[in-house]
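Below: one structure, written as structure tokens.
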Amino acid sequence: MQEAEAENWYWYKITEQGGICLFRVFGTLPEIFVPETLFGKTVTELGSYCFSETEKAGDFEVCSDNLMGQEAKGLFQKLLRQKKIRCLCGEYLEKVSLPKSIKAIGNCCFYRCSRLTGLTVGNGLSEIGSDAFMNCRRLREIVVLGSVTEPSGLKQILGQRSLETRVEFITGHKTEAALLYPEYSETYDEIGPAHIFELNITGEGFRARQCFHEGVVGLSQYDAVFVQAQAEESVRTLCYMAGLRLFYPVGVTEESKQRYEDYLREHAAQVIEVLVKEQNLKMLQFFGEKGYLGNREMKRGVQFAASGGWTEGAALLLQIQQKWRAGEKKEKYSFDEF
């Protein structure tokens, strides 16, 4: 019984193509890794309202990761009555990882999953139903299993997300690229007595979301957005837009690289405050070792980190400064010229 409780359970149907469409997922944890196959059949779809709290009606088959048929139905009902498993949906759900085999997700699939913070999808996902991510206010992290140079359903997902969203592309268990899509807002202004409404869009996040060609991210287009973004976006947003492109420099031209580096150096004092405040050790180390943060800014960062009780950050900045001093001393007393 304990092994059955630890499994995930599913309501499902066999599609016309012979794959599996999931309509409900049950388990014990708010994080779910949807399997690629169940009993030899490939999981290809998520049905409408799959992870929402909307009541489901219909004739579905029941299985777990390791059990199917009548035995599965009986045990599932028993576990559900005993409250040893629950529906993974709505406000309970926090993270969902979908396999590369998933090609489609239905309408309102994640409707009102207000605590959902992370979503992993394969680059084979191409069909996304309407309002699939409605009221997913905390969803800010998306991982795409595939190369940034390959087609994916990312544009469709981002088209339903106006909030700031960080996207990571993973190939071979390594991050190939990461992009930050800023938040944007839409408002309508009424023009004259004819009740004609004009759409106004604020924020460069909308423009960044248009940088796709046949499902592939247009990296050069995305980098070009940074020019206008400097006039409209916050230092924090620009810091991460630039930092992620420099940290994972796939497709970055020399011109774009120079633009990103110039911005970080010119706003080093504000950038270091952002990174220390958010305790981003990885980016802080990268910026420091690349020289995007000057000595004065580094000292300020040490003080800021120490005053906030972040000893790890303060120690890192001091360590980077020591490397600089050691390098300067070595260069000063070099005997190469003799």
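Convention: chains lettered A, B, ... in structure tokens order; per-chain residue numbering from 1; ligands numbered from 1 as shown.
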
*For Pro30 of chain A, list every protein, DNA or RNA residue within 12 Å, evaluated using only C-alpha atoms, and leave out those in the same chain fewer than 3 positions away; present the list as a PyMOL selection string.*
chain A and resi 8+25-27+33+51+85-97+113+115-118

*Extract, using only C-alpha atoms, all DNA, RNA and protein residues at most 9 Å from Leu154 of chain A, discarding same-chain residues fewer than 6 positions from it, and format them as an MDAnalysis selection string.*
chainID A and resid 121 123 125:126 142 144 167 215:217

Let's have the selection written as a compact mmCIF listing (two decimals), in the first residue's frame, with all heavy atoms.
# COMPACT_ATOMS: atom_id res chain seq x y z
N VAL A 121 8.83 22.04 -20.42
CA VAL A 121 8.15 21.49 -21.59
C VAL A 121 9.19 21.05 -22.61
O VAL A 121 10.32 21.55 -22.62
CB VAL A 121 7.20 22.53 -22.25
CG1 VAL A 121 6.12 22.97 -21.29
CG2 VAL A 121 7.99 23.74 -22.76
N ASN A 123 10.46 20.70 -26.65
CA ASN A 123 10.31 21.57 -27.81
C ASN A 123 9.39 20.98 -28.87
O ASN A 123 9.15 21.60 -29.90
CB ASN A 123 11.67 21.92 -28.42
CG ASN A 123 12.43 20.69 -28.90
OD1 ASN A 123 11.97 19.56 -28.77
ND2 ASN A 123 13.61 20.91 -29.47
N LEU A 125 6.24 20.45 -28.10
CA LEU A 125 4.93 21.02 -27.78
C LEU A 125 4.57 22.09 -28.81
O LEU A 125 5.27 23.09 -28.94
CB LEU A 125 4.96 21.63 -26.37
CG LEU A 125 3.68 22.33 -25.91
CD1 LEU A 125 2.52 21.35 -25.83
CD2 LEU A 125 3.91 22.99 -24.55
N SER A 126 3.48 21.86 -29.55
CA SER A 126 3.13 22.79 -30.63
C SER A 126 1.70 23.29 -30.57
O SER A 126 1.37 24.29 -31.19
CB SER A 126 3.37 22.11 -31.98
OG SER A 126 2.61 20.92 -32.10
N ILE A 142 10.30 29.09 -17.04
CA ILE A 142 9.95 28.08 -18.03
C ILE A 142 11.24 27.44 -18.56
O ILE A 142 12.18 28.15 -18.92
CB ILE A 142 9.14 28.67 -19.20
CG1 ILE A 142 7.80 29.18 -18.70
CG2 ILE A 142 8.93 27.64 -20.32
CD1 ILE A 142 6.98 29.91 -19.75
N VAL A 144 12.68 24.88 -21.48
CA VAL A 144 12.39 24.20 -22.74
C VAL A 144 13.46 23.13 -22.96
O VAL A 144 14.65 23.43 -22.99
CB VAL A 144 12.38 25.18 -23.93
CG1 VAL A 144 12.12 24.43 -25.24
CG2 VAL A 144 11.31 26.26 -23.72
N VAL A 167 13.23 32.19 -19.40
CA VAL A 167 13.17 30.96 -20.18
C VAL A 167 14.57 30.37 -20.31
O VAL A 167 15.51 31.07 -20.67
CB VAL A 167 12.57 31.20 -21.58
CG1 VAL A 167 12.51 29.89 -22.36
CG2 VAL A 167 11.18 31.83 -21.47
N GLY A 215 8.57 29.52 -35.29
CA GLY A 215 8.70 28.83 -34.01
C GLY A 215 10.07 28.86 -33.39
O GLY A 215 10.27 28.38 -32.27
N VAL A 216 11.06 29.44 -34.09
CA VAL A 216 12.43 29.51 -33.58
C VAL A 216 12.69 30.92 -33.03
O VAL A 216 12.33 31.91 -33.67
CB VAL A 216 13.45 29.18 -34.68
CG1 VAL A 216 14.88 29.26 -34.13
CG2 VAL A 216 13.19 27.79 -35.24
N VAL A 217 13.34 31.00 -31.88
CA VAL A 217 13.67 32.30 -31.30
C VAL A 217 14.60 33.07 -32.23
O VAL A 217 15.62 32.55 -32.68
CB VAL A 217 14.35 32.13 -29.93
CG1 VAL A 217 14.76 33.49 -29.36
CG2 VAL A 217 13.43 31.41 -28.96

*At what distance in Å, to one decimal, does atom CA of Gly47 of chain A lie from atom CA of Leu75 of chain A?*
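Going from atom CA of Leu75 of chain A over to atom CA of Gly47 of chain A, I get 23.4 Å.
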
*Just give me the gap between atom CA of Lys282 of chain A and atom CA of Val34 of chain A in Å, one decimal is fine.*
29.7 Å

*Compile the contact shell of segment 271-275 of chain A as JSON, numbers by chain: residues with an atom at most 10 Å away, counting only C-alpha atoms, same-chain residues fewer than 3 positions apart removed.*
{"A": [235, 236, 237, 238, 239, 240, 263, 264, 265, 266, 267, 268, 278, 279, 280, 281, 282, 283, 284, 285, 287, 288, 292, 293, 294, 297, 298, 300, 301, 302, 304, 305, 313]}

*Measuring atom to atom with only C-alpha atoms, identify which of A:Tyr10, A:Gln270, A:Tyr222, A:Arg24 is nearest to Cys63 of chain A.*
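Ranking A:Tyr10, A:Gln270, A:Tyr222, A:Arg24 by distance to Cys63 of chain A, first place goes to A:Tyr10.
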
*Write down as JSON, numbers by chain the residues belonging to segment 107-192 of chain A that are assigned strand (DSSP E or B) by DSSP computed on the backbone.*
{"A": [118, 119, 120, 121, 122, 127, 128, 141, 142, 143, 144, 145, 165, 166, 167, 168, 169, 170, 171, 174, 175, 176, 177, 178, 179, 180, 181, 185, 186, 187, 188, 189, 190, 191]}

*asked:* For Phe60 of chain A, find every residue with an atom within 7 Å (counting only C-alpha atoms), except residues of its own chain fewer than 3 positions away, and show them as a PyMOL selection string.
replied: chain A and resi 11-13

*Please provide the set of residues having any atom within 10 Å of Glu183 of chain A, restricted to only C-alpha atoms, with same-chain residues fewer than 3 positions apart removed, written as a PyMOL selection string.*
chain A and resi 161-165+180+202-206+208+233+237

*Work out how far atom CA of Phe226 of chain A is from atom CA of Arg296 of chain A, in Å to one decimal.*
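So the answer is 26.4 Å.
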
_Filtered DSSP result for segment 83-327 of chain A, state helix (DSSP H, G or I), as a PyMOL selection string_ = chain A and resi 90-92+154-158+205-208+219-232+235-247+254-266+268-277+281-290+295-307+311-327

*asked:* Let me make sure I understand: among A:Pro99, A:Glu7, A:Gly40, A:Cys108, which one has the smallest atom-to-atom distance to Ser64 of chain A if we use only C-alpha atoms?
replied: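 Between A:Pro99, A:Glu7, A:Gly40, A:Cys108, the residue approaching Ser64 of chain A most closely is A:Glu7.
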
Output as a tab-separated table one row per residue of segment 110-223 of chain A within 9 Å of segment 250-261 of chain A: the closest atom pair and its distance in Å to one decimal place, counting only C-alpha atoms, sorted by chain and residue number ascending.
residue	atom	partner	partner_atom	distance
A:Val148	CA	A:Val250	CA	8.7
A:Glu176	CA	A:Val250	CA	7.2
A:Ala177	CA	A:Val250	CA	6.5
A:Leu219	CA	A:Gly251	CA	6.4
A:Ser220	CA	A:Val252	CA	7.3
A:Asp223	CA	A:Ser256	CA	6.4

How about saving the chosen residues, N, CA, C and O atoms kept, as a PDB file, in the first residue's frame?
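See again_38.pdb below for the written result:
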ATOM      1  N   VAL A 148      17.764  26.308 -28.453  1.00  0.00           N
ATOM      2  CA  VAL A 148      17.162  27.601 -28.759  1.00  0.00           C
ATOM      3  C   VAL A 148      17.092  27.822 -30.268  1.00  0.00           C
ATOM      4  O   VAL A 148      16.349  28.690 -30.744  1.00  0.00           O
ATOM      5  N   GLU A 176      21.853  25.722 -22.566  1.00  0.00           N
ATOM      6  CA  GLU A 176      22.442  26.280 -23.778  1.00  0.00           C
ATOM      7  C   GLU A 176      22.208  27.787 -23.863  1.00  0.00           C
ATOM      8  O   GLU A 176      23.081  28.541 -24.297  1.00  0.00           O
ATOM      9  N   ALA A 177      21.020  28.220 -23.447  1.00  0.00           N
ATOM     10  CA  ALA A 177      20.672  29.644 -23.524  1.00  0.00           C
ATOM     11  C   ALA A 177      19.642  29.965 -22.463  1.00  0.00           C
ATOM     12  O   ALA A 177      18.913  29.089 -21.993  1.00  0.00           O
ATOM     13  N   LEU A 219      17.220  35.336 -32.129  1.00  0.00           N
ATOM     14  CA  LEU A 219      18.143  35.872 -31.127  1.00  0.00           C
ATOM     15  C   LEU A 219      18.640  37.270 -31.488  1.00  0.00           C
ATOM     16  O   LEU A 219      18.763  38.139 -30.617  1.00  0.00           O
ATOM     17  N   SER A 220      18.921  37.519 -32.760  1.00  0.00           N
ATOM     18  CA  SER A 220      19.381  38.853 -33.157  1.00  0.00           C
ATOM     19  C   SER A 220      18.278  39.886 -32.966  1.00  0.00           C
ATOM     20  O   SER A 220      18.544  41.027 -32.575  1.00  0.00           O
ATOM     21  N   ASP A 223      18.064  40.570 -29.222  1.00  0.00           N
ATOM     22  CA  ASP A 223      19.154  41.449 -28.784  1.00  0.00           C
ATOM     23  C   ASP A 223      18.902  42.901 -29.194  1.00  0.00           C
ATOM     24  O   ASP A 223      19.269  43.828 -28.469  1.00  0.00           O
TER      25      ASP A 223
END
